[in-house]
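Chemist: Got upload-v9.txt for you, compact mmCIF, C-alpha atoms:
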```
# COMPACT_ATOMS: atom_id res chain seq x y z
CA MET Q 1 -4.98 -17.20 -27.62
CA GLY Q 2 -7.30 -14.98 -25.63
CA ALA Q 3 -9.35 -15.08 -22.46
CA SER Q 4 -10.72 -18.54 -23.24
CA ALA Q 5 -7.22 -19.96 -22.77
CA ILE Q 6 -7.18 -18.92 -19.09
CA HIS Q 7 -8.25 -21.83 -16.91
CA SER Q 8 -6.02 -21.04 -13.93
CA ALA Q 9 -3.82 -18.30 -12.51
CA GLU Q 10 -0.81 -20.13 -13.90
CA ASP Q 11 -2.32 -19.98 -17.39
CA ALA Q 12 -2.61 -16.20 -17.03
CA ARG Q 13 0.98 -15.97 -15.82
CA ARG Q 14 2.28 -18.08 -18.69
CA LEU Q 15 0.48 -15.98 -21.30
CA ALA Q 16 1.60 -12.74 -19.65
CA ARG Q 17 5.20 -13.90 -19.67
CA ARG Q 18 5.05 -14.24 -23.45
CA ARG Q 19 3.54 -10.82 -24.02
CA LEU Q 20 5.18 -8.54 -21.47
CA PRO Q 21 8.70 -7.13 -21.74
CA TRP Q 22 11.02 -9.03 -19.45
CA MET Q 23 11.50 -5.95 -17.28
CA VAL Q 24 7.76 -5.52 -16.74
CA PHE Q 25 7.09 -9.22 -16.17
CA ASP Q 26 9.84 -9.45 -13.57
CA TYR Q 27 8.60 -6.29 -11.84
CA ILE Q 28 5.17 -7.89 -11.41
CA ASP Q 29 6.33 -11.45 -10.75
CA GLY Q 30 9.47 -10.90 -8.69
CA SER Q 31 10.00 -11.09 -4.94
CA ALA Q 32 12.70 -10.05 -2.50
CA GLY Q 33 16.13 -11.63 -2.29
CA SER Q 34 16.44 -15.22 -3.45
CA GLU Q 35 12.63 -15.45 -3.47
CA ALA Q 36 12.76 -18.17 -0.81
CA GLY Q 37 10.12 -16.28 1.16
CA ALA Q 38 7.65 -16.53 -1.70
CA ALA Q 39 8.38 -20.24 -2.08
CA ARG Q 40 8.04 -20.82 1.67
CA ASN Q 41 4.60 -19.25 1.83
CA ARG Q 42 3.47 -21.08 -1.30
CA ALA Q 43 4.70 -24.33 0.25
CA ALA Q 44 2.70 -23.63 3.43
CA LEU Q 45 -0.48 -23.14 1.41
CA ASP Q 46 0.19 -26.23 -0.70
CA ALA Q 47 0.85 -28.38 2.37
CA THR Q 48 -2.51 -27.49 3.91
CA THR Q 49 -5.16 -30.07 3.13
CA LEU Q 50 -8.94 -29.83 3.18
CA ARG Q 51 -11.09 -32.73 4.33
CA PRO Q 52 -13.98 -33.65 2.00
CA ARG Q 53 -17.41 -34.16 3.59
CA ILE Q 54 -20.26 -36.11 2.03
CA LEU Q 55 -24.07 -35.92 1.91
CA GLN Q 56 -24.24 -32.36 3.27
CA ASP Q 57 -26.76 -30.77 0.82
CA VAL Q 58 -24.54 -28.05 -0.59
CA SER Q 59 -26.87 -27.26 -3.49
CA GLN Q 60 -27.55 -23.67 -2.37
CA ARG Q 61 -24.12 -22.06 -2.20
CA SER Q 62 -23.17 -18.38 -2.14
CA LEU Q 63 -19.78 -16.67 -2.10
CA ALA Q 64 -21.22 -13.45 -0.66
CA THR Q 65 -19.94 -12.22 2.67
CA THR Q 66 -20.22 -9.20 4.96
CA LEU Q 67 -17.40 -6.68 5.03
CA PHE Q 68 -17.61 -3.67 7.35
CA GLY Q 69 -21.37 -4.11 7.52
CA GLN Q 70 -21.89 -4.25 3.76
CA THR Q 71 -22.32 -7.17 1.36
CA ALA Q 72 -19.37 -8.15 -0.80
CA GLN Q 73 -20.22 -10.63 -3.54
CA ARG Q 74 -16.95 -12.48 -3.00
CA PRO Q 75 -14.77 -13.10 0.07
CA PHE Q 76 -11.82 -11.80 -1.93
CA GLY Q 77 -10.95 -8.37 -3.25
CA ILE Q 78 -8.12 -6.67 -5.13
CA ALA Q 79 -4.92 -5.85 -3.27
CA PRO Q 80 -3.32 -2.44 -3.83
CA MET Q 81 -0.70 -2.68 -6.58
CA GLY Q 82 1.48 0.09 -7.94
CA MET Q 83 1.74 0.98 -11.62
CA CYS Q 84 -0.93 -1.46 -12.79
CA ASN Q 85 -1.03 0.15 -16.22
CA LEU Q 86 2.34 -1.43 -16.95
CA SER Q 87 0.43 -4.67 -17.52
CA ALA Q 88 -1.78 -2.98 -20.12
CA PRO Q 89 -3.11 0.55 -20.70
CA GLY Q 90 -6.22 1.15 -18.61
CA ALA Q 91 -5.56 -1.71 -16.18
CA ASP Q 92 -6.43 0.43 -13.13
CA LEU Q 93 -9.87 1.15 -14.54
CA MET Q 94 -10.41 -2.47 -15.56
CA LEU Q 95 -9.82 -3.43 -11.93
CA ALA Q 96 -12.15 -0.64 -10.81
CA ARG Q 97 -14.96 -1.88 -13.03
CA LEU Q 98 -14.45 -5.42 -11.74
CA ALA Q 99 -14.78 -4.09 -8.18
CA ALA Q 100 -18.00 -2.29 -9.10
CA ARG Q 101 -19.52 -5.36 -10.75
CA HIS Q 102 -18.90 -7.57 -7.73
CA SER Q 103 -19.15 -5.03 -4.88
CA ILE Q 104 -15.68 -5.88 -3.60
CA PRO Q 105 -12.92 -3.51 -2.46
CA LEU Q 106 -10.20 -2.38 -4.81
CA GLY Q 107 -7.03 -1.27 -3.08
CA VAL Q 108 -5.86 1.92 -4.80
CA SER Q 109 -2.11 2.25 -4.46
CA THR Q 110 -0.34 5.47 -3.55
CA VAL Q 111 1.63 4.85 -6.75
CA ALA Q 112 -1.34 3.97 -8.95
CA SER Q 113 -0.94 4.83 -12.61
CA THR Q 114 -4.40 6.48 -12.69
CA PRO Q 115 -5.44 9.32 -10.35
CA MET Q 116 -7.23 8.18 -7.20
CA GLU Q 117 -10.19 10.41 -8.05
CA GLU Q 118 -10.84 8.64 -11.37
CA ILE Q 119 -10.51 5.17 -9.90
CA ILE Q 120 -13.08 5.57 -7.11
CA VAL Q 121 -15.62 6.93 -9.60
CA GLU Q 122 -15.09 3.99 -11.96
CA ALA Q 123 -15.31 1.59 -9.00
CA GLU Q 124 -18.63 3.15 -7.96
CA GLY Q 125 -17.22 3.74 -4.49
CA ASN Q 126 -15.83 0.23 -4.05
CA ALA Q 127 -12.29 1.46 -3.48
CA TRP Q 128 -9.95 1.81 -0.50
CA PHE Q 129 -6.95 4.13 -0.63
CA GLN Q 130 -3.59 2.59 0.26
CA LEU Q 131 -1.12 4.93 1.94
CA TYR Q 132 2.62 4.92 2.55
CA PHE Q 133 4.18 7.16 5.16
CA SER Q 134 6.97 8.99 3.36
CA GLY Q 135 9.70 11.48 4.17
CA ASP Q 136 8.81 13.94 6.91
CA GLY Q 137 5.13 13.07 6.65
CA SER Q 138 3.91 16.29 5.06
CA GLY Q 139 3.18 14.60 1.75
CA THR Q 140 1.36 11.82 3.57
CA VAL Q 141 -0.98 14.31 5.23
CA LYS Q 142 -1.78 15.89 1.86
CA LEU Q 143 -2.64 12.50 0.36
CA VAL Q 144 -4.94 11.68 3.27
CA GLU Q 145 -6.83 14.93 2.81
CA ARG Q 146 -7.05 14.32 -0.91
CA ALA Q 147 -8.44 10.82 -0.34
CA LYS Q 148 -11.09 12.29 1.97
CA ALA Q 149 -12.08 14.83 -0.66
CA ALA Q 150 -12.31 12.11 -3.30
CA GLY Q 151 -14.80 10.15 -1.21
CA TYR Q 152 -12.70 7.32 0.17
CA ASP Q 153 -13.99 6.01 3.50
CA THR Q 154 -11.36 3.33 4.10
CA LEU Q 155 -7.62 3.95 4.36
CA VAL Q 156 -5.09 1.11 4.15
CA LEU Q 157 -1.81 2.05 5.81
CA THR Q 158 1.03 -0.16 4.56
CA VAL Q 159 3.63 -0.51 7.30
CA ASP Q 160 6.02 -3.18 6.00
CA VAL Q 161 8.17 -0.91 3.83
CA PRO Q 162 10.52 1.05 6.11
CA GLU Q 163 12.93 0.60 3.21
CA VAL Q 164 12.10 -0.84 -0.20
CA GLY Q 165 13.16 -4.48 -0.32
CA ARG Q 166 15.90 -5.57 -2.70
CA ARG Q 167 14.35 -7.34 -5.66
CA PRO Q 168 17.17 -8.66 -7.83
CA ARG Q 169 14.97 -9.23 -10.86
CA GLU Q 170 14.04 -5.55 -10.91
CA LEU Q 171 17.62 -4.47 -10.34
CA ARG Q 172 19.01 -6.59 -13.16
CA HIS Q 173 16.67 -4.90 -15.62
CA GLY Q 174 17.31 -1.42 -14.27
CA PHE Q 175 13.65 -1.00 -13.37
CA ARG Q 176 12.88 2.33 -11.75
CA MET Q 177 10.14 4.90 -11.47
CA PRO Q 178 9.68 7.38 -13.01
CA PHE Q 179 9.92 5.09 -16.02
CA ARG Q 180 13.20 5.50 -17.92
CA ILE Q 181 14.22 3.90 -21.19
CA GLY Q 182 17.87 3.13 -21.87
CA PRO Q 183 19.49 0.85 -24.46
CA ARG Q 184 18.68 -2.32 -22.52
CA GLN Q 185 15.05 -1.37 -22.04
CA PHE Q 186 14.76 -0.30 -25.69
CA ILE Q 187 15.86 -3.76 -26.88
CA ASP Q 188 13.49 -5.43 -24.42
CA PHE Q 189 10.57 -3.36 -25.67
CA ALA Q 190 11.49 -3.90 -29.32
CA LEU Q 191 11.27 -7.65 -28.78
CA HIS Q 192 7.74 -7.25 -27.40
CA PRO Q 193 6.11 -5.01 -30.02
CA ARG Q 194 2.51 -5.77 -29.10
CA TRP Q 195 2.97 -4.36 -25.60
CA SER Q 196 5.29 -1.57 -26.71
CA LEU Q 197 3.12 -0.19 -29.51
CA THR Q 198 -0.02 -0.29 -27.37
CA SER Q 199 1.72 1.41 -24.45
CA LEU Q 200 3.29 4.01 -26.75
CA ALA Q 201 -0.13 4.88 -28.14
CA HIS Q 202 -1.46 5.54 -24.63
CA GLY Q 203 1.61 7.28 -23.21
CA ARG Q 204 4.26 6.18 -20.78
CA PRO Q 205 2.82 4.86 -17.46
CA GLN Q 206 3.37 7.33 -14.62
CA MET Q 207 2.68 7.64 -10.90
CA ALA Q 208 -0.53 9.54 -11.54
CA ASN Q 209 -1.22 10.73 -7.99
CA PHE Q 210 1.93 12.84 -8.15
CA LEU Q 211 1.40 14.66 -11.43
CA MET Q 212 -0.40 17.51 -9.67
CA GLU Q 213 1.70 20.46 -8.55
CA GLY Q 214 2.88 20.12 -4.96
CA TYR Q 215 2.93 16.31 -4.90
CA GLU Q 216 6.21 14.40 -5.01
CA PHE Q 217 7.07 10.76 -4.42
CA ASP Q 218 10.26 8.73 -4.62
CA ARG Q 219 9.53 5.00 -4.78
CA THR Q 220 12.89 4.21 -3.18
CA GLU Q 221 12.66 6.88 -0.47
CA SER Q 222 13.13 5.76 3.12
CA ARG Q 223 10.00 5.42 5.23
CA ALA Q 224 12.00 4.49 8.30
CA LYS Q 225 10.85 7.48 10.38
CA ALA Q 226 7.35 6.09 10.93
CA THR Q 227 6.56 5.27 14.58
CA TRP Q 228 3.57 4.36 16.72
CA GLU Q 229 3.10 8.10 17.23
CA THR Q 230 2.80 8.43 13.45
CA LEU Q 231 -0.02 5.91 13.54
CA ALA Q 232 -1.72 7.73 16.41
CA ARG Q 233 -1.65 11.03 14.50
CA LEU Q 234 -3.07 9.33 11.43
CA ARG Q 235 -5.81 7.74 13.52
CA ASP Q 236 -6.74 11.21 14.79
CA GLN Q 237 -6.63 12.75 11.30
CA TRP Q 238 -8.58 10.01 9.54
CA GLY Q 239 -12.18 9.66 10.66
CA GLY Q 240 -12.97 6.75 8.38
CA ARG Q 241 -12.03 3.11 8.66
CA LEU Q 242 -8.31 2.42 9.08
CA VAL Q 243 -6.78 -0.88 7.99
CA VAL Q 244 -3.11 -1.58 8.75
CA LYS Q 245 -1.48 -3.84 6.17
CA GLY Q 246 1.78 -5.77 6.41
CA VAL Q 247 1.53 -7.38 9.86
CA LEU Q 248 3.34 -10.64 10.65
CA ASP Q 249 3.94 -10.37 14.40
CA VAL Q 250 1.50 -11.25 17.17
CA GLU Q 251 2.66 -8.47 19.51
CA ASP Q 252 2.30 -5.90 16.74
CA ALA Q 253 -1.23 -7.13 16.04
CA ILE Q 254 -2.21 -6.81 19.69
CA ALA Q 255 -0.75 -3.29 19.82
CA LEU Q 256 -2.58 -2.27 16.65
CA LYS Q 257 -5.89 -3.44 18.04
CA ALA Q 258 -5.23 -1.41 21.20
CA ALA Q 259 -4.34 1.61 19.04
CA GLY Q 260 -7.84 1.68 17.60
CA VAL Q 261 -7.35 0.47 14.04
CA ASP Q 262 -10.43 -1.03 12.42
CA ALA Q 263 -8.77 -4.05 10.82
CA ILE Q 264 -5.41 -5.74 10.35
CA GLN Q 265 -4.17 -7.24 7.10
CA VAL Q 266 -1.75 -10.14 7.52
CA SER Q 267 0.64 -9.80 4.60
CA SER Q 268 4.25 -10.14 3.50
CA HIS Q 269 3.75 -7.63 0.67
CA GLY Q 270 3.65 -10.56 -1.71
CA ALA Q 271 7.08 -11.63 -0.37
CA ARG Q 272 8.54 -8.48 -1.94
CA GLN Q 273 10.08 -7.01 1.22
CA LEU Q 274 11.91 -9.47 3.51
CA ASP Q 275 13.01 -12.79 2.05
CA SER Q 276 13.39 -14.34 5.51
CA ALA Q 277 9.98 -13.27 6.80
CA PRO Q 278 7.78 -16.02 8.19
CA SER Q 279 5.03 -17.37 5.99
CA PRO Q 280 2.05 -15.04 6.44
CA PHE Q 281 -0.27 -18.00 5.99
CA GLN Q 282 1.37 -19.73 8.95
CA MET Q 283 1.14 -16.55 11.04
CA LEU Q 284 -2.55 -16.06 10.27
CA PRO Q 285 -4.00 -18.46 12.90
CA GLU Q 286 -1.61 -17.13 15.56
CA ILE Q 287 -2.66 -13.56 14.91
CA ARG Q 288 -6.33 -14.56 14.84
CA LYS Q 289 -5.95 -16.14 18.27
CA ALA Q 290 -4.23 -13.01 19.58
CA VAL Q 291 -6.79 -10.45 18.36
CA GLY Q 292 -9.87 -12.53 19.15
CA ALA Q 293 -12.63 -14.07 17.11
CA ASP Q 294 -14.55 -10.87 16.33
CA PHE Q 295 -11.78 -8.48 15.27
CA PRO Q 296 -11.67 -7.90 11.47
CA LEU Q 297 -8.66 -9.74 10.06
CA PHE Q 298 -7.72 -9.75 6.39
CA TYR Q 299 -5.12 -11.70 4.43
CA ASP Q 300 -3.06 -11.41 1.26
CA SER Q 301 0.17 -12.95 -0.12
CA GLY Q 302 0.61 -16.05 -2.21
CA LEU Q 303 -3.04 -16.67 -3.06
CA ARG Q 304 -3.42 -18.26 -6.49
CA THR Q 305 -6.70 -20.22 -6.39
CA GLY Q 306 -10.16 -20.33 -4.90
CA GLU Q 307 -8.95 -23.24 -2.78
CA ASP Q 308 -6.28 -20.93 -1.34
CA VAL Q 309 -8.97 -18.45 -0.32
CA THR Q 310 -10.90 -21.25 1.36
CA LYS Q 311 -7.79 -22.24 3.31
CA ALA Q 312 -7.17 -18.65 4.41
CA LEU Q 313 -10.73 -18.25 5.69
CA ILE Q 314 -10.48 -21.51 7.62
CA ALA Q 315 -7.14 -20.32 9.06
CA GLY Q 316 -8.75 -17.18 10.47
CA ALA Q 317 -9.16 -14.53 7.79
CA ASP Q 318 -12.45 -12.67 7.40
CA PHE Q 319 -11.55 -11.48 3.92
CA THR Q 320 -8.73 -11.98 1.42
CA PHE Q 321 -7.08 -10.17 -1.47
CA PHE Q 322 -5.57 -11.27 -4.78
CA GLY Q 323 -2.72 -9.32 -6.34
CA ARG Q 324 -0.35 -9.95 -9.22
CA ILE Q 325 -2.30 -12.78 -10.83
CA LEU Q 326 -4.96 -10.24 -11.80
CA LEU Q 327 -2.35 -8.18 -13.63
CA PHE Q 328 -1.20 -11.29 -15.45
CA ALA Q 329 -4.76 -11.88 -16.62
CA ILE Q 330 -4.98 -8.32 -17.91
CA ALA Q 331 -1.62 -8.65 -19.67
CA ALA Q 332 -2.74 -11.94 -21.19
CA ALA Q 333 -6.15 -10.92 -22.53
CA GLY Q 334 -7.19 -7.47 -21.33
CA GLU Q 335 -10.46 -6.90 -19.50
CA ALA Q 336 -11.91 -10.15 -20.84
CA GLY Q 337 -8.93 -12.01 -19.40
CA LEU Q 338 -9.43 -10.34 -16.04
CA GLN Q 339 -13.09 -11.35 -15.89
CA GLN Q 340 -12.23 -14.85 -17.06
CA LEU Q 341 -9.71 -15.37 -14.27
CA TRP Q 342 -12.13 -13.86 -11.74
CA ASP Q 343 -14.76 -16.36 -12.83
CA VAL Q 344 -12.21 -19.18 -12.57
CA LEU Q 345 -11.31 -18.16 -9.01
CA SER Q 346 -14.99 -17.94 -8.10
CA ASP Q 347 -15.74 -21.35 -9.57
CA GLU Q 348 -12.75 -22.87 -7.81
CA MET Q 349 -13.96 -21.60 -4.46
CA SER Q 350 -17.57 -22.62 -4.98
CA ILE Q 351 -16.54 -26.14 -5.98
CA THR Q 352 -14.14 -26.36 -3.04
CA MET Q 353 -16.88 -25.35 -0.60
CA ALA Q 354 -19.15 -28.04 -2.04
CA GLN Q 355 -16.45 -30.65 -1.58
CA ILE Q 356 -15.96 -29.82 2.10
CA GLY Q 357 -19.62 -29.36 2.99
CA ALA Q 358 -19.85 -25.56 3.15
CA CYS Q 359 -22.53 -23.34 1.62
CA SER Q 360 -21.11 -19.91 2.47
CA PRO Q 361 -17.86 -18.27 3.58
CA GLY Q 362 -19.36 -18.04 7.06
CA ASP Q 363 -19.43 -21.84 7.26
CA LEU Q 364 -15.64 -21.87 6.98
CA ARG Q 365 -14.89 -19.85 10.08
```
Just give me the structure as structure tokens.
Modeler:
Amino acid sequence: MGASAIHSAEDARRLARRRLPWMVFDYIDGSAGSEAGAARNRAALDATTLRPRILQDVSQRSLATTLFGQTAQRPFGIAPMGMCNLSAPGADLMLARLAARHSIPLGVSTVASTPMEEIIVEAEGNAWFQLYFSGDGSGTVKLVERAKAAGYDTLVLTVDVPEVGRRPRELRHGFRMPFRIGPRQFIDFALHPRWSLTSLAHGRPQMANFLMEGYEFDRTESRAKATWETLARLRDQWGGRLVVKGVLDVEDAIALKAAGVDAIQVSSHGARQLDSAPSPFQMLPEIRKAVGADFPLFYDSGLRTGEDVTKALIAGADFTFFGRILLFAIAAAGEAGLQQLWDVLSDEMSITMAQIGACSPGDLR
């Protein structure tokens, strides 16, 4: 079965589960703790209903929207995800080409498996660099300067990882970066030869932004030293747009707006950090009310369908981001699978808008 078998995000997940080693699947699919946080946010989205409207003339619909003064062909982009090439060799560049085709932002992770310079070229400039504050901050400064030199004009500072959350599914498999293969991993890979042989032919996935001399990164390193002064220094250093991602508190959102950030991204890191965190979808309207109607507010976490995007826009988001389901599509059927799922999500949203009497994302706000 190939791309034509993908009719939903769950189809992509099911196919990916068959083809990926257990360790890799659980790295992509897993969440923090007991994964109650992921279930809670999914339940909040599922419990939200949309009221159909009739006889509205919705024959001329468009999914295009305005993002930072430019046209994006969809009201959803690609969230930053680390080590995408674990799903399939070349996944980072598949995502970049998708971003270029649809003029939507691709979040490029600090721990991408392809250098940031290559990704922004392939994305034809439709890429934002995601940044973690790490260690004493010296490495962070170097990455910011490197992103500037590469042509990035939007920086996404992720602030919800003072310490890496405990993800039992990863821990049970001994998942760690840099990638290491022990007896357990060897057996896992041997039982999934299609993935293993393809990955072997292209080389072991690595944190590509740290292969250059003078760059080091420990995925499990504490980021607990970051403060509001850290943010202020970054705001001074970075002259481009600054998005702060990982916000679930109203007071924090108000303070970020006062600190001069250009946008806030409501997110629970895909429920991968704090199992007891509130549902980001439920926090979205509260944060919208706090920052005002005109402040750019983005959303990710738990989105699986075009209907979910519609709900998030109605709840207060200006723009949304999909994450792991895109990697499942790549794992399931490569670049064709990715485009197939993207088309499914687009169709789902267009049909949903027709059902509720909307012709554009702007009609939902």
Chemist: May I have the residues at most 10 Å from (-7.3, -22.8, -8.1) in the file's coordinates, counting only C-alpha atoms, as a short mmCIF file (atom, residue, chain, number, x, y, z; two decimals) with C-alpha atoms, keeping the file's coordinate frame?
Modeler:
```cif
data_model
loop_
_atom_site.label_atom_id
_atom_site.label_comp_id
_atom_site.auth_asym_id
_atom_site.auth_seq_id
_atom_site.Cartn_x
_atom_site.Cartn_y
_atom_site.Cartn_z
CA HIS Q 7 -8.25 -21.83 -16.91
CA SER Q 8 -6.02 -21.04 -13.93
CA ALA Q 9 -3.82 -18.30 -12.51
CA GLU Q 10 -0.81 -20.13 -13.90
CA LEU Q 303 -3.04 -16.67 -3.06
CA ARG Q 304 -3.42 -18.26 -6.49
CA THR Q 305 -6.70 -20.22 -6.39
CA GLY Q 306 -10.16 -20.33 -4.90
CA GLU Q 307 -8.95 -23.24 -2.78
CA ASP Q 308 -6.28 -20.93 -1.34
CA VAL Q 309 -8.97 -18.45 -0.32
CA LEU Q 341 -9.71 -15.37 -14.27
CA VAL Q 344 -12.21 -19.18 -12.57
CA LEU Q 345 -11.31 -18.16 -9.01
CA SER Q 346 -14.99 -17.94 -8.10
CA ASP Q 347 -15.74 -21.35 -9.57
CA GLU Q 348 -12.75 -22.87 -7.81
CA MET Q 349 -13.96 -21.60 -4.46
CA THR Q 352 -14.14 -26.36 -3.04
#
```
Chemist: Suppose you want the space between atom CA of Q:Thr65 and atom CA of Q:Leu231; what is it in Å?
Modeler: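 Going from atom CA of Q:Thr65 over to atom CA of Q:Leu231, I get 29.0 Å.
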Chemist: Atom CA of Q:Ile120 to atom CA of Q:Arg204: how many Å, to one decimal?
Modeler: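 Pair atom CA of Q:Ile120 / atom CA of Q:Arg204 returns 22.1 Å.
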Chemist: Write out as number ranges by chain the residues lying within 10 Å of Q:Ser276, counting all atoms listed in the file and excluding same-chain residues fewer than 3 positions away.
Modeler: Q: 32-38, 40, 271, 273, 279
Chemist: Pick the closest to Q:Leu284 from Q:Leu20, Q:Val243, Q:Val111, Q:Leu45: which is it, counting all atoms listed in the file?
Modeler: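 Checking each of Q:Leu20, Q:Val243, Q:Val111, Q:Leu45 against Q:Leu284, counting all atoms listed in the file, the winner is Q:Leu45.
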Chemist: Check the smallest atom-to-atom distance from each of Q:Ala354, Q:Ala149, Q:Ala127, Q:Leu63 to Q:Phe319 using all atoms listed in the file, then report the winner.
Modeler: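 Checking each candidate against Q:Phe319, we get Q:Leu63 as the closest.
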Chemist: Quick one: residues within 12 Å of (-5.1, -30.6, 4.9) (file frame), counting only C-alpha atoms, please, as a list of chain:residue names.
Modeler: Q:Ala44, Q:Leu45, Q:Asp46, Q:Ala47, Q:Thr48, Q:Thr49, Q:Leu50, Q:Arg51, Q:Pro52, Q:Glu307, Q:Asp308, Q:Thr310, Q:Lys311, Q:Ile314, Q:Ala315, Q:Ile356
Chemist: What is the atom CA of Q:Met81-atom CA of Q:Glu118 distance in Å, reported with one decimal?
Modeler: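 Distance between the two atoms: 15.9 Å.
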Chemist: With distances taken over all atoms listed in the file, which of Q:Leu143, Q:Ala79, Q:Leu242, Q:Leu326 is nearest to Q:Ser301?
Modeler: Q:Ala79
Chemist: Rank Q:Asp188, Q:Asp153, Q:Glu124, Q:Asp92 by their smallest atom-to-atom distance to Q:Val24, using only C-alpha atoms, and report the top residue only.
Modeler: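 Smallest separation from Q:Val24 among the options: Q:Asp188.
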Chemist: From the options Q:Val266, Q:Leu155, Q:Leu86, Q:Ala96, which residue's atoms come nearest to Q:Ser196, counting only C-alpha atoms?
Modeler: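 Closest candidate: Q:Leu86.
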Chemist: Counting only C-alpha atoms, which residue out of Q:Pro285, Q:Ser62, Q:Ile330, Q:Pro205 sits closest to Q:Trp342?
Modeler: Q:Ile330
Chemist: Got a sec: who's within 6 Å of Q:Gln73, counting all atoms listed in the file, leaving out chain neighbours fewer than 2 positions off, as a ChimeraX atom specification?
Modeler: /Q:64,102-103
Chemist: How would the residues just chosen look if you wrote them out with C-alpha atoms as a short mmCIF file (atom, residue, chain, number, x, y, z; two decimals), in the frame of the given file?
Modeler:
```
data_model
loop_
_atom_site.label_atom_id
_atom_site.label_comp_id
_atom_site.auth_asym_id
_atom_site.auth_seq_id
_atom_site.Cartn_x
_atom_site.Cartn_y
_atom_site.Cartn_z
CA ALA Q 64 -21.22 -13.45 -0.66
CA HIS Q 102 -18.90 -7.57 -7.73
CA SER Q 103 -19.15 -5.03 -4.88
#
```
Chemist: Need to verify the contact set: Q:Ala253, 8 Å, all atoms listed in the file, exclusion of same-chain residues closer than 5 positions in sequence. Can you return it as a list of chain:residue names?
Modeler: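 Once the adjacent positions are removed, what remains is Q:Val247, Q:Leu248, Q:Ile264, Q:Ile287, Q:Ala290, Q:Val291.
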Chemist: If you count all atoms listed in the file, which residues fall within 12 Å of Q:Ala88, apart from same-chain ones fewer than 2 positions away, as a ChimeraX atom specification?
Modeler: /Q:16,19-21,24-25,83-86,90-95,113,194-205,326-335,337-338
Chemist: Extract, using only C-alpha atoms, all DNA, RNA and protein residues at most 10 Å from Q:Arg365, discarding same-chain residues fewer than 5 positions from it, and format them as a ChimeraX atom specification.
Modeler: /Q:293,310,312-318,360
Chemist: Kindly compute an axis-aligned box around the listed atoms of stretch 117-125 of chain Q, allowing 4 Å on each side, and express its centre and edge lengths in Å to one decimal as JSON.
Modeler:
```
{"center_x": -14.4, "center_y": 6.0, "center_z": -8.2, "size_x": 16.4, "size_y": 16.8, "size_z": 15.5}
```
Chemist: If you keep C-alpha atoms, can you output stretch 125-155 of chain Q as a PDB file, in the first residue's frame?
Modeler:
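decode10.pdb, freshly written:
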```
ATOM      1  CA  GLY Q 125      12.753  30.930   1.994  1.00  0.00           C
ATOM      2  CA  ASN Q 126       9.584  29.536   3.564  1.00  0.00           C
ATOM      3  CA  ALA Q 127      11.364  28.467   6.736  1.00  0.00           C
ATOM      4  CA  TRP Q 128      11.551  29.685  10.332  1.00  0.00           C
ATOM      5  CA  PHE Q 129      14.406  28.652  12.603  1.00  0.00           C
ATOM      6  CA  GLN Q 130      13.436  27.134  15.948  1.00  0.00           C
ATOM      7  CA  LEU Q 131      15.825  27.833  18.809  1.00  0.00           C
ATOM      8  CA  TYR Q 132      16.451  26.326  22.230  1.00  0.00           C
ATOM      9  CA  PHE Q 133      18.365  28.213  24.875  1.00  0.00           C
ATOM     10  CA  SER Q 134      21.062  25.815  26.060  1.00  0.00           C
ATOM     11  CA  GLY Q 135      23.826  25.716  28.637  1.00  0.00           C
ATOM     12  CA  ASP Q 136      25.435  29.077  29.327  1.00  0.00           C
ATOM     13  CA  GLY Q 137      23.901  30.586  26.201  1.00  0.00           C
ATOM     14  CA  SER Q 138      27.071  30.883  24.131  1.00  0.00           C
ATOM     15  CA  GLY Q 139      25.987  28.146  21.738  1.00  0.00           C
ATOM     16  CA  THR Q 140      22.583  29.778  21.425  1.00  0.00           C
ATOM     17  CA  VAL Q 141      24.149  33.059  20.316  1.00  0.00           C
ATOM     18  CA  LYS Q 142      26.192  31.251  17.660  1.00  0.00           C
ATOM     19  CA  LEU Q 143      23.093  29.538  16.275  1.00  0.00           C
ATOM     20  CA  VAL Q 144      21.234  32.850  16.082  1.00  0.00           C
ATOM     21  CA  GLU Q 145      24.057  34.421  14.094  1.00  0.00           C
ATOM     22  CA  ARG Q 146      24.199  31.394  11.841  1.00  0.00           C
ATOM     23  CA  ALA Q 147      20.448  31.592  11.204  1.00  0.00           C
ATOM     24  CA  LYS Q 148      20.839  35.258  10.258  1.00  0.00           C
ATOM     25  CA  ALA Q 149      23.611  34.421   7.820  1.00  0.00           C
ATOM     26  CA  ALA Q 150      21.507  31.656   6.267  1.00  0.00           C
ATOM     27  CA  GLY Q 151      18.695  34.094   5.510  1.00  0.00           C
ATOM     28  CA  TYR Q 152      16.125  33.260   8.168  1.00  0.00           C
ATOM     29  CA  ASP Q 153      13.922  36.230   9.060  1.00  0.00           C
ATOM     30  CA  THR Q 154      11.762  34.539  11.706  1.00  0.00           C
ATOM     31  CA  LEU Q 155      13.064  32.940  14.890  1.00  0.00           C
TER      32      LEU Q 155
END
```
